[in-house]
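Inspection log for the structure reproduced underneath, given as C-alpha coordinates.
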Amino acid sequence: MKRFFLGFAVVSLLLAGVVSYFADSDPDGLDHVTEQHGIAEHAREHPLGGGPLADYAVAGDDRLTGLAGVVGVVLTLLVAGGLFWLLRKRSGTGSG
(Lines give C-alpha, C1' and ligand atoms only; values in the text may rest on other atoms or scores of the structure.)
Protein backbone atom coordinates (compact mmCIF):
# COMPACT_ATOMS: atom_id res chain seq x y z
CA MET A 1 0.00 0.00 0.00
CA LYS A 2 2.86 2.37 0.80
CA ARG A 3 4.33 1.64 -2.64
CA PHE A 4 1.08 2.71 -4.27
CA PHE A 5 1.00 6.02 -2.41
CA LEU A 6 4.66 6.68 -3.10
CA GLY A 7 4.10 5.97 -6.80
CA PHE A 8 1.02 8.20 -6.78
CA ALA A 9 3.02 11.04 -5.22
CA VAL A 10 5.87 10.65 -7.73
CA VAL A 11 3.52 10.61 -10.74
CA SER A 12 1.59 13.61 -9.37
CA LEU A 13 4.79 15.59 -8.85
CA LEU A 14 6.04 14.72 -12.36
CA LEU A 15 2.76 15.77 -13.93
CA ALA A 16 2.66 19.00 -11.95
CA GLY A 17 6.32 19.87 -12.31
CA VAL A 18 7.13 18.75 -15.85
CA VAL A 19 4.06 18.08 -17.95
CA SER A 20 2.40 21.33 -16.89
CA TYR A 21 4.90 23.27 -19.02
CA PHE A 22 3.46 21.59 -22.13
CA ALA A 23 -0.12 22.67 -21.36
CA ASP A 24 -1.89 25.29 -23.44
CA SER A 25 -1.37 28.78 -22.02
CA ASP A 26 -5.01 29.71 -22.74
CA PRO A 27 -6.98 26.49 -22.25
CA ASP A 28 -10.25 27.67 -20.74
CA GLY A 29 -13.10 27.25 -23.19
CA LEU A 30 -15.50 28.04 -20.37
CA ASP A 31 -14.24 31.64 -20.30
CA HIS A 32 -14.99 31.94 -24.02
CA VAL A 33 -18.53 30.59 -23.59
CA THR A 34 -19.31 32.87 -20.63
CA GLU A 35 -18.09 35.89 -22.59
CA GLN A 36 -20.03 34.83 -25.68
CA HIS A 37 -23.30 34.51 -23.74
CA GLY A 38 -22.87 37.60 -21.55
CA ILE A 39 -22.43 35.67 -18.32
CA ALA A 40 -18.94 37.07 -17.74
CA GLU A 41 -20.37 40.57 -17.27
CA HIS A 42 -21.36 39.59 -13.75
CA ALA A 43 -18.02 38.03 -12.83
CA ARG A 44 -16.05 39.32 -9.84
CA GLU A 45 -12.42 38.86 -8.89
CA HIS A 46 -11.86 35.99 -6.49
CA PRO A 47 -10.75 37.12 -3.00
CA LEU A 48 -7.61 34.97 -3.30
CA GLY A 49 -6.91 36.05 -6.89
CA GLY A 50 -3.82 37.94 -5.77
CA GLY A 51 -2.44 35.03 -3.76
CA PRO A 52 1.08 33.67 -4.20
CA LEU A 53 -0.05 30.70 -6.35
CA ALA A 54 -2.86 32.41 -8.29
CA ASP A 55 -3.27 31.65 -12.00
CA TYR A 56 -1.01 28.58 -11.83
CA ALA A 57 2.11 30.67 -11.30
CA VAL A 58 4.34 31.70 -8.41
CA ALA A 59 3.95 35.40 -7.59
CA GLY A 60 2.58 36.02 -11.10
CA ASP A 61 5.63 34.60 -12.90
CA ASP A 62 4.32 32.33 -15.68
CA ARG A 63 7.74 30.69 -16.03
CA LEU A 64 7.18 29.05 -12.63
CA THR A 65 4.04 27.10 -13.55
CA GLY A 66 5.69 23.78 -12.69
CA LEU A 67 6.84 25.03 -9.30
CA ALA A 68 3.31 26.24 -8.52
CA GLY A 69 2.03 22.78 -9.47
CA VAL A 70 4.58 21.01 -7.29
CA VAL A 71 3.78 23.26 -4.32
CA GLY A 72 0.07 22.64 -4.87
CA VAL A 73 0.56 18.87 -5.02
CA VAL A 74 2.74 18.83 -1.90
CA LEU A 75 0.26 20.97 0.06
CA THR A 76 -2.66 18.82 -1.08
CA LEU A 77 -0.86 15.60 -0.14
CA LEU A 78 0.10 17.03 3.27
CA VAL A 79 -3.44 18.18 4.05
CA ALA A 80 -5.00 14.92 2.82
CA GLY A 81 -2.41 12.82 4.63
CA GLY A 82 -2.95 14.79 7.82
CA LEU A 83 -6.72 14.34 7.61
CA PHE A 84 -6.38 10.61 6.94
CA TRP A 85 -3.98 10.32 9.87
CA LEU A 86 -6.39 12.16 12.19
CA LEU A 87 -9.47 10.26 11.03
CA ARG A 88 -8.03 6.77 10.69
CA LYS A 89 -9.51 4.05 12.77
CA ARG A 90 -7.18 3.61 15.68
CA SER A 91 -6.23 -0.01 16.22
CA GLY A 92 -6.83 -1.40 19.70
CA THR A 93 -8.91 1.57 20.92
CA GLY A 94 -12.43 0.39 20.25
CA SER A 95 -15.09 -0.93 22.55
CA GLY A 96 -15.78 -4.61 22.40
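As shown in the C-alpha coordinates, the chain order sets the letters A, B, ...; within each chain, residues go from 1, and ligands are also counted from 1 in the order they appear.
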Residues of chain A in alpha helix (DSSP H), written as a PyMOL selection string: chain A and resi 2-17+29-36+65-87
Contacts of segment 6-15 of chain A within 8 Å, only C-alpha atoms, excl. fewer than 5 positions in-chain, as a list in words: Ser20, Gly69, Val70, Val73, Val74 and Leu77 of chain A
Atom-to-atom span, atom CA of Gly50 of chain A and atom CA of Leu75 of chain A, Å: 18.4 Å
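Interatomic distance, atom CA of Ala68 of chain A to atom CA of Phe22 of chain A: 14.4 Å.
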Close residues, Tyr56 of chain A itself excluded, 8 Å, only C-alpha atoms, min 2 positions apart in chain, as a PyMOL selection string: chain A and resi 53-54+58+62+65+68-69
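Candidate residues A:Leu67, A:Leu86, A:Ile39, A:Leu30 were compared for distance to Pro52 of chain A, and the nearest is A:Leu67, using only C-alpha atoms.
Here atom CA of Leu87 of chain A stands at a distance of 22.3 Å from atom CA of Gly72 of chain A.
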